[in-house]
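Source file entry_37.pdb; content: PDB, C-alpha atoms.
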ATOM      1  CA  MET A   1      95.951  97.205  92.667
ATOM      2  CA  TYR A   2      95.431 100.503  90.878
ATOM      3  CA  ALA A   3      93.219  99.327  88.020
ATOM      4  CA  TRP A   4      90.620 102.047  88.574
ATOM      5  CA  SER A   5      89.002 101.698  85.155
ATOM      6  CA  PRO A   6      89.136  99.479  82.058
ATOM      7  CA  SER A   7      91.365 102.029  80.289
ATOM      8  CA  LEU A   8      93.828 102.066  83.188
ATOM      9  CA  ALA A   9      93.846  98.277  83.388
ATOM     10  CA  ALA A  10      94.661  98.233  79.666
ATOM     11  CA  ALA A  11      97.485 100.714  80.245
ATOM     12  CA  TRP A  12      98.969  98.464  82.937
ATOM     13  CA  GLN A  13      98.687  95.538  80.539
ATOM     14  CA  ARG A  14     100.609  97.468  77.851
ATOM     15  CA  LEU A  15     103.287  98.565  80.337
ATOM     16  CA  LEU A  16     103.902  95.086  81.700
ATOM     17  CA  GLU A  17     103.953  93.581  78.224
ATOM     18  CA  TRP A  18     106.511  96.221  77.178
ATOM     19  CA  ILE A  19     108.668  95.419  80.232
ATOM     20  CA  ALA A  20     108.546  91.722  79.377
ATOM     21  CA  ARG A  21     109.633  92.401  75.782
ATOM     22  CA  ALA A  22     112.407  94.772  76.877
ATOM     23  CA  ALA A  23     113.681  92.224  79.394
ATOM     24  CA  GLY A  24     113.410  89.351  76.955
ATOM     25  CA  VAL A  25     111.394  87.378  79.506
ATOM     26  CA  GLU A  26     108.066  85.678  78.922
ATOM     27  CA  LEU A  27     105.600  86.958  81.540
ATOM     28  CA  ALA A  28     101.935  86.054  81.941
ATOM     29  CA  VAL A  29     100.070  89.237  82.920
ATOM     30  CA  ILE A  30      97.458  88.440  85.578
ATOM     31  CA  ASP A  31      94.316  90.491  86.080
ATOM     32  CA  GLN A  32      94.255  91.164  89.828
ATOM     33  CA  SER A  33      91.451  93.741  89.873
ATOM     34  CA  THR A  34      89.392  91.579  92.237
ATOM     35  CA  PRO A  35      90.038  91.726  96.020
ATOM     36  CA  THR A  36      92.937  89.288  95.945
ATOM     37  CA  ASN A  37      95.178  89.092  99.007
ATOM     38  CA  LEU A  38      98.041  91.346  97.943
ATOM     39  CA  ASP A  39     100.486  89.854 100.447
ATOM     40  CA  GLU A  40      99.975  86.490  98.783
ATOM     41  CA  LEU A  41     100.318  88.037  95.337
ATOM     42  CA  TRP A  42     103.589  89.794  96.202
ATOM     43  CA  ALA A  43     104.957  86.638  97.852
ATOM     44  CA  ARG A  44     104.467  84.452  94.771
ATOM     45  CA  HIS A  45     107.581  82.571  93.770
ATOM     46  CA  ASP A  46     106.867  83.222  90.088
ATOM     47  CA  MET A  47     106.438  86.983  90.520
ATOM     48  CA  GLY A  48     108.110  88.712  87.608
ATOM     49  CA  CYS A  49     107.083  92.379  87.725
ATOM     50  CA  VAL A  50     104.495  94.077  89.938
ATOM     51  CA  PHE A  51     103.338  97.458  91.209
ATOM     52  CA  MET A  52     104.077  97.170  94.934
ATOM     53  CA  CYS A  53     103.361  99.495  97.856
ATOM     54  CA  GLY A  54     106.477 100.953  99.448
ATOM     55  CA  TYR A  55     105.613  99.942 103.014
ATOM     56  CA  PRO A  56     105.548  96.147 102.488
ATOM     57  CA  TRP A  57     108.537  96.517 100.149
ATOM     58  CA  ALA A  58     110.525  98.240 102.939
ATOM     59  CA  LEU A  59     109.563  95.560 105.479
ATOM     60  CA  ARG A  60     110.680  92.640 103.342
ATOM     61  CA  ARG A  61     114.033  90.971 103.884
ATOM     62  CA  ASP A  62     114.079  89.687 100.295
ATOM     63  CA  ARG A  63     113.174  92.984  98.662
ATOM     64  CA  PRO A  64     112.371  92.788  94.953
ATOM     65  CA  ALA A  65     114.582  94.916  92.712
ATOM     66  CA  LEU A  66     113.225  98.451  92.386
ATOM     67  CA  LEU A  67     112.722  99.486  88.761
ATOM     68  CA  ALA A  68     110.907 102.826  88.944
ATOM     69  CA  ALA A  69     108.757 105.139  91.036
ATOM     70  CA  PRO A  70     106.059 107.352  89.496
ATOM     71  CA  VAL A  71     106.295 111.147  89.352
ATOM     72  CA  PRO A  72     102.659 112.386  89.413
ATOM     73  CA  SER A  73     101.887 115.207  86.986
ATOM     74  CA  PRO A  74      99.714 117.513  89.213
ATOM     75  CA  SER A  75     101.570 120.571  90.493
ATOM     76  CA  ARG A  76     101.088 119.749  94.166
ATOM     77  CA  TYR A  77     103.720 117.014  93.866
ATOM     78  CA  GLY A  78     106.427 119.460  92.822
ATOM     79  CA  ASP A  79     107.720 117.244  90.002
ATOM     80  CA  ARG A  80     108.814 114.689  92.610
ATOM     81  CA  ALA A  81     108.231 111.006  93.174
ATOM     82  CA  ALA A  82     105.948 111.831  96.104
ATOM     83  CA  TYR A  83     102.418 111.180  97.276
ATOM     84  CA  VAL A  84      99.957 112.258  99.935
ATOM     85  CA  THR A  85      96.927 110.729 101.596
ATOM     86  CA  ASP A  86      93.562 112.323 100.894
ATOM     87  CA  PHE A  87      90.717 112.138 103.377
ATOM     88  CA  ILE A  88      87.654 112.036 101.137
ATOM     89  CA  VAL A  89      84.068 112.945 102.061
ATOM     90  CA  SER A  90      80.917 113.287 100.034
ATOM     91  CA  ALA A  91      80.514 116.724  98.476
ATOM     92  CA  ALA A  92      76.769 116.306  99.009
ATOM     93  CA  GLY A  93      77.214 115.556 102.713
ATOM     94  CA  PRO A  94      77.478 117.863 105.731
ATOM     95  CA  HIS A  95      81.240 117.513 106.300
ATOM     96  CA  ARG A  96      83.424 120.444 105.267
ATOM     97  CA  THR A  97      86.471 119.743 107.451
ATOM     98  CA  LEU A  98      88.144 116.603 108.702
ATOM     99  CA  GLU A  99      87.093 117.519 112.222
ATOM    100  CA  ASP A 100      83.450 117.451 111.096
ATOM    101  CA  THR A 101      83.775 113.700 110.548
ATOM    102  CA  PHE A 102      84.816 112.933 114.126
ATOM    103  CA  GLY A 103      82.249 110.775 115.859
ATOM    104  CA  GLY A 104      81.243 109.185 112.565
ATOM    105  CA  VAL A 105      82.550 106.241 110.507
ATOM    106  CA  ILE A 106      85.918 106.025 108.759
ATOM    107  CA  ALA A 107      86.948 103.420 106.164
ATOM    108  CA  TYR A 108      90.362 102.209 105.029
ATOM    109  CA  SER A 109      91.832  99.881 102.423
ATOM    110  CA  THR A 110      94.442  97.673 104.092
ATOM    111  CA  GLU A 111      96.829  97.656 107.049
ATOM    112  CA  HIS A 112      99.941  97.124 104.922
ATOM    113  CA  SER A 113      99.400 100.392 103.039
ATOM    114  CA  HIS A 114     101.301 103.418 104.305
ATOM    115  CA  SER A 115      99.151 105.927 102.409
ATOM    116  CA  GLY A 116      95.910 104.096 103.131
ATOM    117  CA  TYR A 117      96.489 103.206 106.778
ATOM    118  CA  ASN A 118      99.697 104.303 108.519
ATOM    119  CA  ALA A 119      99.823 107.899 107.243
ATOM    120  CA  PRO A 120      96.155 108.574 108.139
ATOM    121  CA  ARG A 121      96.664 107.153 111.630
ATOM    122  CA  HIS A 122      99.722 109.354 112.166
ATOM    123  CA  HIS A 123      97.860 112.403 110.881
ATOM    124  CA  LEU A 124      94.899 111.742 113.169
ATOM    125  CA  LEU A 125      97.014 111.220 116.293
ATOM    126  CA  LYS A 126      97.252 114.957 116.959
ATOM    127  CA  HIS A 127      93.477 115.052 117.409
ATOM    128  CA  VAL A 128      93.436 112.311 120.060
ATOM    129  CA  SER A 129      93.321 113.418 123.690
ATOM    130  CA  PRO A 130      92.411 111.992 127.109
ATOM    131  CA  ALA A 131      89.033 113.645 126.697
ATOM    132  CA  ARG A 132      88.636 112.119 123.206
ATOM    133  CA  PRO A 133      90.549 108.816 123.043
ATOM    134  CA  ALA A 134      88.566 107.586 120.013
ATOM    135  CA  LEU A 135      87.857 109.855 117.052
ATOM    136  CA  TYR A 136      85.328 107.596 115.301
ATOM    137  CA  ARG A 137      82.514 105.382 116.532
ATOM    138  CA  ALA A 138      83.293 102.750 113.888
ATOM    139  CA  VAL A 139      86.155 101.790 111.566
ATOM    140  CA  LEU A 140      85.351  99.859 108.378
ATOM    141  CA  GLY A 141      87.929  97.714 106.619
ATOM    142  CA  PRO A 142      90.036  96.285 105.286
ATOM    143  CA  TYR A 143      88.662  96.564 101.745
ATOM    144  CA  VAL A 144      92.021  95.732 100.065
ATOM    145  CA  ARG A 145      91.372  97.970  97.050
ATOM    146  CA  GLN A 146      90.649 101.683  97.219
ATOM    147  CA  ARG A 147      87.693 101.745  94.821
ATOM    148  CA  PRO A 148      85.224 100.392  97.454
ATOM    149  CA  LEU A 149      86.086 103.363  99.672
ATOM    150  CA  PHE A 150      84.539 105.765  97.162
ATOM    151  CA  ASP A 151      81.400 103.655  97.013
ATOM    152  CA  LEU A 152      81.085 103.656 100.806
ATOM    153  CA  VAL A 153      81.380 107.439 100.950
ATOM    154  CA  VAL A 154      78.911 107.989  98.107
ATOM    155  CA  LYS A 155      76.360 105.637  99.666
ATOM    156  CA  GLY A 156      76.715 107.317 103.050
ATOM    157  CA  GLU A 157      77.954 104.138 104.718
ATOM    158  CA  ALA A 158      81.185 105.908 105.695
ATOM    159  CA  ASP A 159      81.607 109.566 106.602
ATOM    160  CA  VAL A 160      85.231 109.681 105.496
ATOM    161  CA  ALA A 161      87.835 107.414 103.937
ATOM    162  CA  ALA A 162      91.592 107.652 103.524
ATOM    163  CA  ARG A 163      93.073 106.901 100.156
ATOM    164  CA  ARG A 164      96.349 107.322  98.278
ATOM    165  CA  SER A 165      96.395 110.474  96.178
ATOM    166  CA  SER A 166      98.343 109.204  93.171
ATOM    167  CA  PRO A 167      95.576 107.705  90.988
ATOM    168  CA  PRO A 168      94.180 110.017  88.303
ATOM    169  CA  ALA A 169      91.841 112.838  89.277
ATOM    170  CA  ALA A 170      89.100 111.038  87.391
ATOM    171  CA  SER A 171      89.050 108.473  90.186
ATOM    172  CA  THR A 172      87.498 111.081  92.481
ATOM    173  CA  ARG A 173      84.295 110.985  90.447
ATOM    174  CA  ALA A 174      81.454 108.710  91.350
ATOM    175  CA  ARG A 175      80.982 105.841  88.929
ATOM    176  CA  GLY A 176      78.171 103.462  88.150
ATOM    177  CA  SER A 177      75.389 106.007  87.952
ATOM    178  CA  GLY A 178      77.093 108.231  85.418
ATOM    179  CA  SER A 179      77.202 111.095  87.920
ATOM    180  CA  ARG A 180      80.128 113.468  88.354
ATOM    181  CA  ARG A 181      79.948 114.052  92.098
ATOM    182  CA  HIS A 182      83.259 115.033  93.666
ATOM    183  CA  TRP A 183      84.598 114.830  97.189
ATOM    184  CA  SER A 184      86.102 117.446  99.429
ATOM    185  CA  ARG A 185      89.461 116.393 100.825
ATOM    186  CA  ARG A 186      91.957 116.954 103.649
ATOM    187  CA  THR A 187      95.519 116.048 102.745
ATOM    188  CA  THR A 188      98.508 114.777 104.718
ATOM    189  CA  PRO A 189     102.043 116.193 104.206
ATOM    190  CA  PRO A 190     103.839 114.818 101.107
ATOM    191  CA  ARG A 191     105.910 111.677 101.490
ATOM    192  CA  ARG A 192     108.600 110.350  99.175
ATOM    193  CA  VAL A 193     107.569 107.311  97.133
ATOM    194  CA  ARG A 194     109.547 104.371  98.495
ATOM    195  CA  SER A 195     108.710 101.821  95.856
ATOM    196  CA  SER A 196     106.597 101.322  92.803
ATOM    197  CA  THR A 197     107.273  99.007  89.905
ATOM    198  CA  THR A 198     109.447  96.136  91.067
ATOM    199  CA  CYS A 199     110.685  92.860  89.741
ATOM    200  CA  SER A 200     111.467  89.703  91.646
ATOM    201  CA  SER A 201     115.098  89.255  92.619
ATOM    202  CA  ARG A 202     114.640  85.620  91.625
ATOM    203  CA  ALA A 203     113.539  86.680  88.163
ATOM    204  CA  SER A 204     116.328  89.246  87.807
ATOM    205  CA  THR A 205     119.010  86.647  88.519
ATOM    206  CA  ALA A 206     117.505  83.914  86.378
TER     207      ALA A 206
END
Would it be possible to restate this file's structure as structure tokens?
Amino acid sequence: MYAWSPSLAAAWQRLLEWIARAAGVELAVIDQSTPTNLDELWARHDMGCVFMCGYPWALRRDRPALLAAPVPSPSRYGDRAAYVTDFIVSAAGPHRTLEDTFGGVIAYSTEHSHSGYNAPRHHLLKHVSPARPALYRAVLGPYVRQRPLFDLVVKGEADVAARRSSPPAASTRARGSGSRRHWSRRTTPPRRVRSSTTCSSRASTA
């Protein structure tokens, strides 16, 4: 889900291979960088170890065993296993505040993501009123992964997008053209990470 670049995908590969060796279990690492249905992926009977969003993990009755939650290195996280949602806009565009984007187009990744869907909706609720029941003229999504959201903003197809803050700062740079354009951001209050790397309860009892 968070394979933002070839180097990060390789890092995930190394981590999962290390977990398999440490557990003494043979695991086949699957490249899921394409827009695969994550609900189907996380529901697989042969799931051994995955990076799972906390929201679907909390909703499950058969919750996989929680192994670890990341502690992001930037100072804004306060050395805690926490995250925020960033509202990203094009630095080359006219929007300088979140309110500037109202009346435009917003994009999101997937409904089962707290940081990518539920937290933004909660944050935006305070701006809704009887005089303004809808903040945006169009909502684009779901795009499953977060990478397409950056492309939409860069291309001007979306005025703003909500994305989880945890991936490396390098992910806020435009890719493909070699440019280094950055985005301005509005941020939601920090939330505690509920889940991260998990293993199947079926695998842990095997």
Residue by residue, what does the PyMOL selection byres ((chain A and resi 71) around 8) grab here? Present the result as a list in words.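 Selection result, ordered by chain and number: Ala69, Pro70, Pro72, Ser73, Tyr77, Asp79, Arg80, Ala81 and Ala82 of chain A.
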In the coordinates of the file, take the point (90.5, 107.2, 108.8) and a cut-off of 10 Å; then, counting all atoms listed in the file, name each qualifying protein, DNA or RNA residue as a VMD selection string. chain A and resid 86 to 88 98 101 to 102 105 to 109 116 to 121 123 to 124 135 to 136 138 to 140 158 to 163
Centre, x/y/z edge lengths, axis-aligned box for segment 53-59 of chain A with 4 Å per side, as AutoDock Vina command-line options:
--center_x 106.9 --center_y 98.3 --center_z 101.7 --size_x 15.2 --size_y 13.4 --size_z 15.6
Calculate how many Å separate atom CA of Ala68 of chain A from atom CA of Pro56 of chain A, rounding to one decimal.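 Atom CA of Pro56 of chain A lies at a distance of 16.0 Å from atom CA of Ala68 of chain A.
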Report the residues retrieved by the PyMOL selection byres ((chain A and resi 42-45) around 10) from the displayed file, expressed as number ranges by chain. A: 37-41, 46-53, 56-57, 60, 62, 64, 200, 202-203
Nearest to Ser90 of chain A by atom-to-atom distance, counting only C-alpha atoms, from A:Leu59, A:Val144, A:Leu152, A:Val29: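 Using only C-alpha atoms, Ser90 of chain A sits closest to A:Leu152.
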For atom CA of Val89 of chain A and atom CA of Pro6 of chain A, quote the distance in Å rounded to one decimal.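 About the pair atom CA of Val89 of chain A and atom CA of Pro6 of chain A: they are 24.6 Å apart.
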Please indicate the distance in Å from atom CA of Leu67 of chain A to atom CA of Gly24 of chain A, rounded to one decimal place.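 Calculated distance between atom CA of Leu67 of chain A and atom CA of Gly24 of chain A is 15.6 Å.
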Expected selection from the PyMOL selection byres ((chain A and resi 112) around 7), given as a list in words: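 So the PyMOL selection byres ((chain A and resi 112) around 7) ends up selecting Tyr55, Pro56, Thr110, Glu111, Ser113 and His114 of chain A.
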